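run.pdb follows (PDB, C-alpha atoms, pLDDT in the B column):
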```pdb
ATOM      1  CA  MET A 323       0.000   0.000   0.000  1.00 91.00           C
ATOM      2  CA  ARG A 324       1.291   3.433  -0.873  1.00 97.00           C
ATOM      3  CA  SER A 325       0.837   6.280   1.608  1.00 98.00           C
ATOM      4  CA  VAL A 326       1.453   9.909   0.704  1.00 98.00           C
ATOM      5  CA  VAL A 327       1.405  13.158   2.647  1.00 98.00           C
ATOM      6  CA  LEU A 328      -0.562  16.004   1.121  1.00 98.00           C
ATOM      7  CA  ILE A 329       0.164  19.427   2.604  1.00 97.00           C
ATOM      8  CA  PRO A 330      -2.533  22.020   1.817  1.00 95.00           C
ATOM      9  CA  ALA A 331      -0.854  25.403   1.353  1.00 94.00           C
ATOM     10  CA  ARG A 332      -3.083  28.314   0.420  1.00 92.00           C
ATOM     11  CA  TYR A 333      -1.442  31.636  -0.418  1.00 92.00           C
ATOM     12  CA  GLY A 334      -4.651  33.664  -0.183  1.00 82.00           C
ATOM     13  CA  SER A 335      -5.287  33.266   3.541  1.00 77.00           C
ATOM     14  CA  SER A 336      -7.651  35.983   4.750  1.00 71.00           C
ATOM     15  CA  ARG A 337      -5.916  36.329   8.124  1.00 74.00           C
ATOM     16  CA  TYR A 338      -2.337  35.884   6.928  1.00 84.00           C
ATOM     17  CA  PRO A 339      -1.782  36.166   3.155  1.00 87.00           C
ATOM     18  CA  GLY A 340       1.278  34.256   1.988  1.00 91.00           C
ATOM     19  CA  LYS A 341       1.478  32.328   5.257  1.00 92.00           C
ATOM     20  CA  PRO A 342       3.017  29.125   3.813  1.00 94.00           C
ATOM     21  CA  LEU A 343       6.046  31.141   2.663  1.00 95.00           C
ATOM     22  CA  VAL A 344       6.687  32.958   5.934  1.00 94.00           C
ATOM     23  CA  GLU A 345      10.262  32.290   7.000  1.00 95.00           C
ATOM     24  CA  LEU A 346      10.982  30.489  10.248  1.00 95.00           C
ATOM     25  CA  LEU A 347      14.666  30.489  11.177  1.00 95.00           C
ATOM     26  CA  GLY A 348      15.428  31.426   7.582  1.00 93.00           C
ATOM     27  CA  LYS A 349      13.363  28.729   5.853  1.00 96.00           C
ATOM     28  CA  PRO A 350       9.804  28.892   4.443  1.00 96.00           C
ATOM     29  CA  MET A 351       7.317  27.293   6.829  1.00 95.00           C
ATOM     30  CA  VAL A 352       5.874  24.929   4.228  1.00 97.00           C
ATOM     31  CA  ILE A 353       9.366  23.515   3.630  1.00 97.00           C
ATOM     32  CA  TRP A 354       9.801  22.769   7.344  1.00 96.00           C
ATOM     33  CA  VAL A 355       6.554  20.794   7.227  1.00 96.00           C
ATOM     34  CA  ALA A 356       7.546  19.000   4.017  1.00 97.00           C
ATOM     35  CA  GLU A 357      10.909  17.984   5.486  1.00 97.00           C
ATOM     36  CA  LEU A 358       9.317  16.603   8.648  1.00 96.00           C
ATOM     37  CA  SER A 359       6.796  14.703   6.539  1.00 97.00           C
ATOM     38  CA  ALA A 360       9.622  13.298   4.414  1.00 98.00           C
ATOM     39  CA  ARG A 361      11.287  11.966   7.558  1.00 97.00           C
ATOM     40  CA  ALA A 362       8.132   9.938   8.147  1.00 97.00           C
ATOM     41  CA  ILE A 363       7.336   8.497   4.726  1.00 97.00           C
ATOM     42  CA  GLY A 364      10.075   9.566   2.310  1.00 98.00           C
ATOM     43  CA  ARG A 365      10.558  12.669   0.172  1.00 97.00           C
ATOM     44  CA  GLU A 366       9.114  10.974  -2.900  1.00 98.00           C
ATOM     45  CA  ASN A 367       5.778  10.573  -1.082  1.00 98.00           C
ATOM     46  CA  VAL A 368       5.334  14.212  -0.033  1.00 98.00           C
ATOM     47  CA  TYR A 369       3.250  16.682  -2.061  1.00 98.00           C
ATOM     48  CA  VAL A 370       2.211  20.275  -1.455  1.00 98.00           C
ATOM     49  CA  ALA A 371      -1.259  21.138  -2.758  1.00 97.00           C
ATOM     50  CA  THR A 372      -1.517  24.833  -3.563  1.00 96.00           C
ATOM     51  CA  GLU A 373      -3.433  27.280  -5.731  1.00 94.00           C
ATOM     52  CA  ASP A 374      -0.435  29.581  -6.146  1.00 94.00           C
ATOM     53  CA  GLU A 375       2.581  29.358  -8.455  1.00 96.00           C
ATOM     54  CA  ARG A 376       4.772  31.208  -5.947  1.00 96.00           C
ATOM     55  CA  ILE A 377       4.339  28.434  -3.403  1.00 96.00           C
ATOM     56  CA  ALA A 378       4.710  25.759  -6.093  1.00 97.00           C
ATOM     57  CA  ASN A 379       8.027  27.274  -7.234  1.00 97.00           C
ATOM     58  CA  VAL A 380       9.469  27.431  -3.711  1.00 97.00           C
ATOM     59  CA  VAL A 381       8.438  23.819  -3.131  1.00 97.00           C
ATOM     60  CA  LYS A 382      10.064  22.657  -6.365  1.00 97.00           C
ATOM     61  CA  GLN A 383      13.275  24.582  -5.628  1.00 97.00           C
ATOM     62  CA  ALA A 384      13.486  22.725  -2.312  1.00 97.00           C
ATOM     63  CA  GLY A 385      13.226  19.409  -4.125  1.00 97.00           C
ATOM     64  CA  PHE A 386       9.615  18.567  -3.282  1.00 98.00           C
ATOM     65  CA  GLN A 387       6.593  17.917  -5.468  1.00 97.00           C
ATOM     66  CA  SER A 388       3.676  20.301  -5.808  1.00 97.00           C
ATOM     67  CA  VAL A 389       0.164  19.888  -7.179  1.00 97.00           C
ATOM     68  CA  LEU A 390      -1.694  22.936  -8.462  1.00 95.00           C
ATOM     69  CA  THR A 391      -5.334  23.161  -7.421  1.00 95.00           C
ATOM     70  CA  THR A 392      -8.021  25.763  -8.045  1.00 90.00           C
ATOM     71  CA  ASP A 393      -8.415  28.818  -5.835  1.00 85.00           C
ATOM     72  CA  ASP A 394     -12.062  28.092  -5.049  1.00 88.00           C
ATOM     73  CA  ALA A 395     -11.583  25.062  -2.787  1.00 93.00           C
ATOM     74  CA  LEU A 396     -13.978  25.392   0.165  1.00 94.00           C
ATOM     75  CA  THR A 397     -11.524  23.909   2.674  1.00 94.00           C
ATOM     76  CA  GLY A 398      -8.101  22.325   2.880  1.00 93.00           C
ATOM     77  CA  THR A 399      -9.714  18.894   2.599  1.00 96.00           C
ATOM     78  CA  ASP A 400     -11.492  19.961  -0.606  1.00 96.00           C
ATOM     79  CA  ARG A 401      -8.104  21.082  -1.916  1.00 95.00           C
ATOM     80  CA  LEU A 402      -6.646  17.675  -1.062  1.00 96.00           C
ATOM     81  CA  ALA A 403      -9.513  16.006  -2.896  1.00 97.00           C
ATOM     82  CA  GLN A 404      -8.492  17.902  -6.034  1.00 97.00           C
ATOM     83  CA  ALA A 405      -4.854  16.903  -5.579  1.00 97.00           C
ATOM     84  CA  ALA A 406      -5.685  13.249  -4.910  1.00 97.00           C
ATOM     85  CA  LEU A 407      -7.136  12.943  -8.408  1.00 97.00           C
ATOM     86  CA  LYS A 408      -3.613  13.515  -9.744  1.00 97.00           C
ATOM     87  CA  ILE A 409      -1.763  11.188  -7.361  1.00 97.00           C
ATOM     88  CA  ASP A 410      -1.992   7.402  -7.202  1.00 97.00           C
ATOM     89  CA  ALA A 411      -1.999   6.185  -3.594  1.00 98.00           C
ATOM     90  CA  ASP A 412      -3.967   4.070  -1.142  1.00 98.00           C
ATOM     91  CA  ILE A 413      -3.767   6.434   1.835  1.00 98.00           C
ATOM     92  CA  TYR A 414      -3.657  10.239   1.750  1.00 98.00           C
ATOM     93  CA  ILE A 415      -2.393  11.883   4.929  1.00 98.00           C
ATOM     94  CA  ASN A 416      -3.227  15.539   5.481  1.00 97.00           C
ATOM     95  CA  VAL A 417      -0.490  17.380   7.375  1.00 96.00           C
ATOM     96  CA  GLN A 418      -1.256  21.046   7.938  1.00 92.00           C
ATOM     97  CA  GLY A 419       1.193  23.428   6.305  1.00 90.00           C
ATOM     98  CA  ASP A 420       1.199  25.806   9.278  1.00 88.00           C
ATOM     99  CA  GLU A 421       2.456  23.346  11.924  1.00 87.00           C
ATOM    100  CA  PRO A 422       6.250  23.240  11.585  1.00 91.00           C
ATOM    101  CA  LEU A 423       6.678  21.254  14.811  1.00 90.00           C
ATOM    102  CA  VAL A 424       4.645  18.235  13.734  1.00 92.00           C
ATOM    103  CA  ASP A 425       6.223  14.973  14.938  1.00 94.00           C
ATOM    104  CA  PRO A 426       7.057  12.502  12.137  1.00 96.00           C
ATOM    105  CA  ALA A 427       6.219   9.662  14.555  1.00 97.00           C
ATOM    106  CA  ASP A 428       2.654  10.994  14.800  1.00 97.00           C
ATOM    107  CA  ILE A 429       2.314  10.975  11.018  1.00 97.00           C
ATOM    108  CA  LEU A 430       3.241   7.298  11.051  1.00 98.00           C
ATOM    109  CA  LYS A 431       0.877   6.635  13.944  1.00 98.00           C
ATOM    110  CA  ILE A 432      -2.029   8.092  11.974  1.00 98.00           C
ATOM    111  CA  ARG A 433      -0.999   6.131   8.878  1.00 98.00           C
ATOM    112  CA  ASP A 434      -0.824   2.858  10.789  1.00 98.00           C
ATOM    113  CA  ALA A 435      -4.237   3.448  12.342  1.00 98.00           C
ATOM    114  CA  LYS A 436      -5.658   4.013   8.874  1.00 98.00           C
ATOM    115  CA  ILE A 437      -4.115   0.792   7.578  1.00 98.00           C
ATOM    116  CA  GLU A 438      -5.888  -1.049  10.393  1.00 98.00           C
ATOM    117  CA  ASN A 439      -9.175   0.807   9.800  1.00 98.00           C
ATOM    118  CA  MET A 440      -9.424   1.492   6.084  1.00 98.00           C
ATOM    119  CA  GLN A 441     -13.193   1.982   6.344  1.00 98.00           C
ATOM    120  CA  ASP A 442     -12.818   4.917   8.765  1.00 98.00           C
ATOM    121  CA  VAL A 443     -11.480   8.446   8.508  1.00 98.00           C
ATOM    122  CA  VAL A 444      -8.630   8.859  11.019  1.00 98.00           C
ATOM    123  CA  ASN A 445      -7.828  12.080  12.905  1.00 98.00           C
ATOM    124  CA  GLY A 446      -5.368  12.919  15.661  1.00 97.00           C
ATOM    125  CA  PHE A 447      -6.114  14.353  19.097  1.00 96.00           C
ATOM    126  CA  SER A 448      -4.211  15.342  22.216  1.00 95.00           C
ATOM    127  CA  TRP A 449      -5.152  16.690  25.625  1.00 95.00           C
ATOM    128  CA  VAL A 450      -5.563  20.417  26.244  1.00 93.00           C
ATOM    129  CA  SER A 451      -2.588  21.403  28.397  1.00 89.00           C
ATOM    130  CA  SER A 452      -2.664  23.334  31.650  1.00 86.00           C
ATOM    131  CA  ASN A 453      -1.373  26.474  29.907  1.00 82.00           C
ATOM    132  CA  GLU A 454      -4.151  26.389  27.281  1.00 87.00           C
ATOM    133  CA  ASP A 455      -7.667  27.736  27.742  1.00 92.00           C
ATOM    134  CA  PRO A 456     -10.343  25.182  26.815  1.00 93.00           C
ATOM    135  CA  GLN A 457     -12.744  28.105  26.362  1.00 94.00           C
ATOM    136  CA  SER A 458     -10.667  29.442  23.457  1.00 91.00           C
ATOM    137  CA  VAL A 459     -12.508  29.313  20.136  1.00 91.00           C
ATOM    138  CA  ASN A 460      -9.144  28.720  18.442  1.00 86.00           C
ATOM    139  CA  ILE A 461      -8.976  25.221  19.956  1.00 91.00           C
ATOM    140  CA  PRO A 462     -11.437  22.691  18.473  1.00 94.00           C
ATOM    141  CA  LYS A 463     -12.520  20.452  21.356  1.00 96.00           C
ATOM    142  CA  VAL A 464     -13.113  16.776  20.637  1.00 97.00           C
ATOM    143  CA  ILE A 465     -16.049  14.799  22.010  1.00 96.00           C
ATOM    144  CA  SER A 466     -15.604  11.064  21.605  1.00 97.00           C
ATOM    145  CA  THR A 467     -16.841   7.720  22.761  1.00 97.00           C
ATOM    146  CA  GLU A 468     -14.700   5.849  25.261  1.00 95.00           C
ATOM    147  CA  ASP A 469     -13.189   3.850  22.415  1.00 96.00           C
ATOM    148  CA  ASN A 470     -12.189   7.062  20.607  1.00 96.00           C
ATOM    149  CA  ARG A 471     -14.793   7.384  17.875  1.00 98.00           C
ATOM    150  CA  LEU A 472     -15.734  10.999  17.189  1.00 98.00           C
ATOM    151  CA  VAL A 473     -19.153  12.102  18.419  1.00 98.00           C
ATOM    152  CA  TYR A 474     -18.724  15.821  17.780  1.00 98.00           C
ATOM    153  CA  MET A 475     -16.127  18.568  17.602  1.00 98.00           C
ATOM    154  CA  SER A 476     -16.720  22.143  18.752  1.00 98.00           C
ATOM    155  CA  ARG A 477     -15.051  25.441  19.470  1.00 96.00           C
ATOM    156  CA  VAL A 478     -17.117  25.552  22.655  1.00 96.00           C
ATOM    157  CA  ALA A 479     -15.633  23.780  25.693  1.00 95.00           C
ATOM    158  CA  LEU A 480     -17.314  20.367  25.647  1.00 94.00           C
ATOM    159  CA  PRO A 481     -18.473  18.076  27.185  1.00 94.00           C
ATOM    160  CA  GLY A 482     -20.782  20.294  29.179  1.00 93.00           C
ATOM    161  CA  TYR A 483     -22.033  19.569  32.676  1.00 94.00           C
ATOM    162  CA  LYS A 484     -25.017  20.348  34.878  1.00 95.00           C
ATOM    163  CA  ASP A 485     -23.279  20.006  38.222  1.00 96.00           C
ATOM    164  CA  GLU A 486     -19.790  21.342  38.995  1.00 94.00           C
ATOM    165  CA  LYS A 487     -18.803  17.988  40.483  1.00 96.00           C
ATOM    166  CA  CYS A 488     -19.420  16.403  37.065  1.00 96.00           C
ATOM    167  CA  ALA A 489     -17.139  18.795  35.181  1.00 95.00           C
ATOM    168  CA  PRO A 490     -14.579  17.027  32.961  1.00 95.00           C
ATOM    169  CA  VAL A 491     -11.115  16.748  34.468  1.00 93.00           C
ATOM    170  CA  ARG A 492      -9.521  17.543  31.119  1.00 94.00           C
ATOM    171  CA  TYR A 493     -10.460  18.198  27.509  1.00 96.00           C
ATOM    172  CA  LYS A 494      -9.431  16.645  24.233  1.00 96.00           C
ATOM    173  CA  LYS A 495      -8.446  18.837  21.301  1.00 94.00           C
ATOM    174  CA  GLN A 496      -8.055  18.148  17.609  1.00 95.00           C
ATOM    175  CA  VAL A 497      -4.608  17.603  16.115  1.00 93.00           C
ATOM    176  CA  CYS A 498      -4.745  18.344  12.404  1.00 91.00           C
ATOM    177  CA  ILE A 499      -3.277  15.168  10.982  1.00 96.00           C
ATOM    178  CA  TYR A 500      -5.860  13.166   9.033  1.00 97.00           C
ATOM    179  CA  ALA A 501      -5.849  10.023   6.901  1.00 98.00           C
ATOM    180  CA  PHE A 502      -8.242   9.331   4.033  1.00 98.00           C
ATOM    181  CA  THR A 503      -8.731   7.119   1.019  1.00 98.00           C
ATOM    182  CA  LYS A 504      -9.260   8.668  -2.396  1.00 98.00           C
ATOM    183  CA  ASP A 505     -12.928   7.674  -2.340  1.00 98.00           C
ATOM    184  CA  GLU A 506     -13.429   9.420   1.002  1.00 98.00           C
ATOM    185  CA  LEU A 507     -11.865  12.606  -0.330  1.00 98.00           C
ATOM    186  CA  ILE A 508     -13.919  12.487  -3.530  1.00 98.00           C
ATOM    187  CA  SER A 509     -17.118  11.955  -1.533  1.00 98.00           C
ATOM    188  CA  PHE A 510     -16.221  14.826   0.791  1.00 98.00           C
ATOM    189  CA  ARG A 511     -15.795  17.219  -2.116  1.00 97.00           C
ATOM    190  CA  GLY A 512     -18.839  15.749  -3.839  1.00 97.00           C
ATOM    191  CA  PHE A 513     -21.013  16.899  -0.930  1.00 98.00           C
ATOM    192  CA  GLY A 514     -20.762  20.211  -2.766  1.00 96.00           C
ATOM    193  CA  ARG A 515     -20.986  22.614   0.141  1.00 97.00           C
ATOM    194  CA  LYS A 516     -20.127  23.100   3.794  1.00 98.00           C
ATOM    195  CA  SER A 517     -22.583  21.316   6.056  1.00 98.00           C
ATOM    196  CA  GLU A 518     -24.540  23.447   8.519  1.00 98.00           C
ATOM    197  CA  LEU A 519     -22.479  22.302  11.505  1.00 98.00           C
ATOM    198  CA  GLU A 520     -19.234  22.638   9.569  1.00 98.00           C
ATOM    199  CA  TYR A 521     -20.161  26.188   8.597  1.00 98.00           C
ATOM    200  CA  SER A 522     -21.122  27.217  12.142  1.00 98.00           C
ATOM    201  CA  GLU A 523     -18.098  25.681  13.868  1.00 98.00           C
ATOM    202  CA  ASP A 524     -15.640  26.259  11.003  1.00 96.00           C
ATOM    203  CA  ILE A 525     -14.412  22.693  11.469  1.00 97.00           C
ATOM    204  CA  GLU A 526     -14.348  20.866   8.157  1.00 97.00           C
ATOM    205  CA  ILE A 527     -14.151  17.294   9.442  1.00 97.00           C
ATOM    206  CA  LEU A 528     -17.742  17.649  10.688  1.00 98.00           C
ATOM    207  CA  ARG A 529     -18.858  17.242   7.081  1.00 98.00           C
ATOM    208  CA  PHE A 530     -17.963  13.561   7.328  1.00 98.00           C
ATOM    209  CA  LEU A 531     -20.587  13.111  10.049  1.00 97.00           C
ATOM    210  CA  GLU A 532     -23.246  14.161   7.546  1.00 97.00           C
ATOM    211  CA  MET A 533     -21.859  11.445   5.282  1.00 97.00           C
ATOM    212  CA  ASN A 534     -22.273   8.817   8.027  1.00 97.00           C
ATOM    213  CA  LYS A 535     -18.536   8.190   8.185  1.00 98.00           C
ATOM    214  CA  THR A 536     -16.930   6.893  11.356  1.00 98.00           C
ATOM    215  CA  ILE A 537     -14.060   9.135  12.417  1.00 98.00           C
ATOM    216  CA  ARG A 538     -11.523   7.229  14.465  1.00 98.00           C
ATOM    217  CA  LEU A 539      -9.376   9.292  16.822  1.00 98.00           C
ATOM    218  CA  VAL A 540      -5.739   8.537  17.584  1.00 98.00           C
ATOM    219  CA  GLU A 541      -3.836  10.169  20.423  1.00 97.00           C
ATOM    220  CA  THR A 542      -0.718  12.041  19.369  1.00 95.00           C
ATOM    221  CA  LYS A 543       1.933  13.931  21.271  1.00 90.00           C
ATOM    222  CA  PRO A 544       0.924  17.300  22.731  1.00 81.00           C
ATOM    223  CA  GLY A 545       2.776  20.529  22.070  1.00 66.00           C
ATOM    224  CA  SER A 546       2.320  21.080  18.342  1.00 71.00           C
ATOM    225  CA  LEU A 547       1.992  24.789  17.576  1.00 76.00           C
ATOM    226  CA  ALA A 548       0.439  26.448  14.545  1.00 81.00           C
ATOM    227  CA  VAL A 549       1.087  29.800  12.867  1.00 84.00           C
ATOM    228  CA  ASP A 550      -2.288  31.517  12.522  1.00 81.00           C
ATOM    229  CA  ILE A 551      -1.295  35.195  12.572  1.00 82.00           C
ATOM    230  CA  PRO A 552       2.013  37.116  12.220  1.00 88.00           C
ATOM    231  CA  SER A 553       2.458  37.476  15.990  1.00 87.00           C
ATOM    232  CA  ASP A 554       2.712  33.662  16.231  1.00 88.00           C
ATOM    233  CA  VAL A 555       6.000  33.614  14.309  1.00 92.00           C
ATOM    234  CA  PRO A 556       8.336  34.670  17.173  1.00 91.00           C
ATOM    235  CA  LYS A 557       6.682  32.126  19.488  1.00 89.00           C
ATOM    236  CA  ILE A 558       7.133  29.337  16.977  1.00 90.00           C
ATOM    237  CA  GLU A 559      10.762  30.286  16.329  1.00 93.00           C
ATOM    238  CA  ALA A 560      11.449  30.340  20.068  1.00 91.00           C
ATOM    239  CA  ALA A 561       9.889  26.882  20.418  1.00 89.00           C
ATOM    240  CA  MET A 562      11.988  25.609  17.534  1.00 90.00           C
ATOM    241  CA  ARG A 563      15.187  26.961  19.068  1.00 92.00           C
ATOM    242  CA  SER A 564      14.332  25.380  22.432  1.00 90.00           C
ATOM    243  CA  LEU A 565      14.085  22.033  20.662  1.00 86.00           C
ATOM    244  CA  GLY A 566      17.434  22.558  18.979  1.00 85.00           C
ATOM    245  CA  VAL A 567      15.938  22.889  15.512  1.00 82.00           C
ATOM    246  CA  LYS A 568      18.333  24.372  12.967  1.00 73.00           C
TER
END
```

Give the structure from the file, written as structure tokens.
Amino acid sequence: MRSVVLIPARYGSSRYPGKPLVELLGKPMVIWVAELSARAIGRENVYVATEDERIANVVKQAGFQSVLTTDDALTGTDRLAQAALKIDADIYINVQGDEPLVDPADILKIRDAKIENMQDVVNGFSWVSSNEDPQSVNIPKVISTEDNRLVYMSRVALPGYKDEKCAPVRYKKQVCIYAFTKDELISFRGFGRKSELEYSEDIEILRFLEMNKTIRLVETKPGSLAVDIPSDVPKIEAAMRSLGVK
């Protein structure tokens, strides 16, 4: 079975235009992510899906493969669905292009879970840390069964509780590493629109619930950080230096 990593990299971000090309310690962010992905499954199995020639050129200059998609993709997963039509593989792993501290071991963990559960979509999760606010709308909280099948995902702190003594001890949060088959990606895009819950929460994986897909959750390491806005860059660079990244 062939597994590939697809990294969605959109130049036209509304909050941070050109974000995939922002330099971290002197290297474009998308290249950091591509290199970490290559450590997991090999450089020849890593692709960057983008709507912009500038990103595609940087990727090619760094020795990686790019796939041009249209600029009207509703979500990153829709963009991957476009790219998957051009790439022959059994498993397509989505690694977000704005998380330059992703652990290659977690990519493999998600891949292996998919191999064991080809009928399910697979998504990573970790526990909200003590220095994170579960009330933050920037952290999608994960609600799951005890055997780690997704029930719901929300930007509201869930599960809720009626009595303080029943409050959850800790919260799960989404880690944006996913694994799909080509058929799952094609069906996702074929839905043709954002579902109502997906639109309200701005969490694209919720669309799969409307498609009656089981989403299997796999615990990954905590501590991954994403670049959402320009002020995140110094924090990410500091984290990278503390880990000895060069």

Go through the shown structure with the PyMOL selection byres ((chain A and resi 425-433) around 9) and write out the matching residues as a PDB file with C-alpha atoms, in the frame of the given file.
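Output file out_37.pdb follows:
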```
ATOM      1  CA  SER A 325       0.837   6.280   1.608  1.00 98.00           C
ATOM      2  CA  VAL A 327       1.405  13.158   2.647  1.00 98.00           C
ATOM      3  CA  LEU A 358       9.317  16.603   8.648  1.00 96.00           C
ATOM      4  CA  SER A 359       6.796  14.703   6.539  1.00 97.00           C
ATOM      5  CA  ALA A 360       9.622  13.298   4.414  1.00 98.00           C
ATOM      6  CA  ARG A 361      11.287  11.966   7.558  1.00 97.00           C
ATOM      7  CA  ALA A 362       8.132   9.938   8.147  1.00 97.00           C
ATOM      8  CA  ILE A 363       7.336   8.497   4.726  1.00 97.00           C
ATOM      9  CA  ILE A 413      -3.767   6.434   1.835  1.00 98.00           C
ATOM     10  CA  TYR A 414      -3.657  10.239   1.750  1.00 98.00           C
ATOM     11  CA  ILE A 415      -2.393  11.883   4.929  1.00 98.00           C
ATOM     12  CA  VAL A 417      -0.490  17.380   7.375  1.00 96.00           C
ATOM     13  CA  PRO A 422       6.250  23.240  11.585  1.00 91.00           C
ATOM     14  CA  LEU A 423       6.678  21.254  14.811  1.00 90.00           C
ATOM     15  CA  VAL A 424       4.645  18.235  13.734  1.00 92.00           C
ATOM     16  CA  ASP A 434      -0.824   2.858  10.789  1.00 98.00           C
ATOM     17  CA  ALA A 435      -4.237   3.448  12.342  1.00 98.00           C
ATOM     18  CA  LYS A 436      -5.658   4.013   8.874  1.00 98.00           C
ATOM     19  CA  ILE A 437      -4.115   0.792   7.578  1.00 98.00           C
ATOM     20  CA  GLU A 438      -5.888  -1.049  10.393  1.00 98.00           C
ATOM     21  CA  VAL A 444      -8.630   8.859  11.019  1.00 98.00           C
ATOM     22  CA  ASN A 445      -7.828  12.080  12.905  1.00 98.00           C
ATOM     23  CA  GLY A 446      -5.368  12.919  15.661  1.00 97.00           C
ATOM     24  CA  ILE A 499      -3.277  15.168  10.982  1.00 96.00           C
ATOM     25  CA  TYR A 500      -5.860  13.166   9.033  1.00 97.00           C
ATOM     26  CA  ALA A 501      -5.849  10.023   6.901  1.00 98.00           C
ATOM     27  CA  LEU A 539      -9.376   9.292  16.822  1.00 98.00           C
ATOM     28  CA  VAL A 540      -5.739   8.537  17.584  1.00 98.00           C
ATOM     29  CA  GLU A 541      -3.836  10.169  20.423  1.00 97.00           C
ATOM     30  CA  THR A 542      -0.718  12.041  19.369  1.00 95.00           C
ATOM     31  CA  LYS A 543       1.933  13.931  21.271  1.00 90.00           C
ATOM     32  CA  SER A 546       2.320  21.080  18.342  1.00 71.00           C
TER      33      SER A 546
END
```

Just so the selection is clear, what residues does the PyMOL selection byres ((chain A and resi 449) around 10) cover here, as a short mmCIF file (atom, residue, chain, number, x, y, z; two decimals) with C-alpha atoms, keeping the file's coordinate frame?
```cif
data_model
loop_
_atom_site.label_atom_id
_atom_site.label_comp_id
_atom_site.auth_asym_id
_atom_site.auth_seq_id
_atom_site.Cartn_x
_atom_site.Cartn_y
_atom_site.Cartn_z
CA PHE A 447 -6.11 14.35 19.10
CA SER A 448 -4.21 15.34 22.22
CA VAL A 450 -5.56 20.42 26.24
CA SER A 451 -2.59 21.40 28.40
CA SER A 452 -2.66 23.33 31.65
CA GLU A 454 -4.15 26.39 27.28
CA LYS A 463 -12.52 20.45 21.36
CA VAL A 464 -13.11 16.78 20.64
CA ARG A 492 -9.52 17.54 31.12
CA TYR A 493 -10.46 18.20 27.51
CA LYS A 494 -9.43 16.64 24.23
CA LYS A 495 -8.45 18.84 21.30
CA GLN A 496 -8.06 18.15 17.61
CA VAL A 497 -4.61 17.60 16.11
CA GLU A 541 -3.84 10.17 20.42
CA THR A 542 -0.72 12.04 19.37
CA LYS A 543 1.93 13.93 21.27
CA PRO A 544 0.92 17.30 22.73
CA GLY A 545 2.78 20.53 22.07
#
```

Open item on the list: Can you measure CA of Thr467 in chain A to CA of Arg538 in chain A for me? One decimal in Å is fine.
Closed with: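 It comes out at 9.9 Å.
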
Open item on the list: Evaluated on this file, the PyMOL selection byres ((chain A and resi 366) around 10) picks out some residues - which ones are they, written as an MDAnalysis selection string?
Closed with: chainID A and resid 326:327 360 363:365 367:369 385:387

TODO: Rank nothing, just name the residue among A:Val491, A:Leu328, A:Ala384, A:Leu347 nearest to Ile409 in chain A, using all atoms listed in the file.
DONE: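 Comparing A:Val491, A:Leu328, A:Ala384, A:Leu347 against Ile409 in chain A, the winner is A:Leu328.
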
Task: A:Ala548, A:Ile525, A:Ile558, A:Val473 ranked by distance to Leu396 in chain A, top pick (using only C-alpha atoms) - done: A:Ile525

TODO: Could you please determine the separation between CA of Glu559 in chain A and CA of Ile329 in chain A in Å, to one decimal place?
DONE: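 Taking CA of Glu559 in chain A and CA of Ile329 in chain A, their separation equals 20.5 Å.
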
Starting from 5 Å padding per side, set up an axis-aligned box that covers all listed atoms of range 469-473 of chain A and hand over centre and edge lengths in Å, one decimal, as JSON.
```
{"center_x": -15.7, "center_y": 8.0, "center_z": 19.8, "size_x": 17.0, "size_y": 18.3, "size_z": 15.2}
```

TODO: May I ask which of the residues A:Glu375, A:Asp420, A:Ala395, A:Val478 is the closest one to Asp554 in chain A, counting all atoms listed in the file?
DONE: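 Of all the options, A:Asp420 lies closest to Asp554 in chain A.
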
Open item on the list: For a test of reading the model, state the distance in Å between CA of Phe513 in chain A and CA of Pro342 in chain A, rounded to one decimal.
Closed with: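 Rounded to one decimal, the two atoms are 27.4 Å apart.
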
Open item on the list: Calculated over only C-alpha atoms, which of the candidates A:Glu345, A:Glu373, A:Pro456, A:Met475 has the smallest distance to Pro556 in chain A?
Closed with: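 For Pro556 in chain A, the nearest of the given residues is A:Glu345.
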
Task: Counting all atoms listed in the file, the residue of A:Ala561, A:Ala411, A:Leu346, A:Ala331 that sits nearest Val389 in chain A - done: A:Ala331

- [ ] Would you list the contacts of Tyr474 in chain A as an MDAnalysis selection string, taking every protein, DNA or RNA residue within 8 Å and counting only C-alpha atoms, but skipping same-chain residues closer than 3 positions in sequence?
- [x] chainID A and resid 464:466 528

TODO: Write out as a PyMOL selection string which residues come within 9 Å of Ser388 in chain A when counting all atoms listed in the file, dropping same-chain ones fewer than 4 positions away.
DONE: chain A and resi 368-372+377-379+381-382

Keeping C-alpha atoms, export the residues of the selection given above as a compact mmCIF listing (two decimals), in the coordinates of the input.
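Final output, saved to again.txt:
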```
# COMPACT_ATOMS: atom_id res chain seq x y z
CA VAL A 368 5.33 14.21 -0.03
CA TYR A 369 3.25 16.68 -2.06
CA VAL A 370 2.21 20.27 -1.46
CA ALA A 371 -1.26 21.14 -2.76
CA THR A 372 -1.52 24.83 -3.56
CA ILE A 377 4.34 28.43 -3.40
CA ALA A 378 4.71 25.76 -6.09
CA ASN A 379 8.03 27.27 -7.23
CA VAL A 381 8.44 23.82 -3.13
CA LYS A 382 10.06 22.66 -6.36
```

TODO: Would you mind telling me which residue in A:Gly398, A:Pro462, A:Pro350, A:Pro330 lies nearest to Phe510 in chain A when using only C-alpha atoms?
DONE: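 Among A:Gly398, A:Pro462, A:Pro350, A:Pro330, it is A:Gly398 that comes nearest to Phe510 in chain A.
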
Task: Long-range neighbours of Asp505 in chain A as a PyMOL selection string, 12 Å cut-off, all atoms listed in the file, 3 positions minimum in chain - done: chain A and resi 402-404+406-407+410-414+440-443+501-502+508-512+535
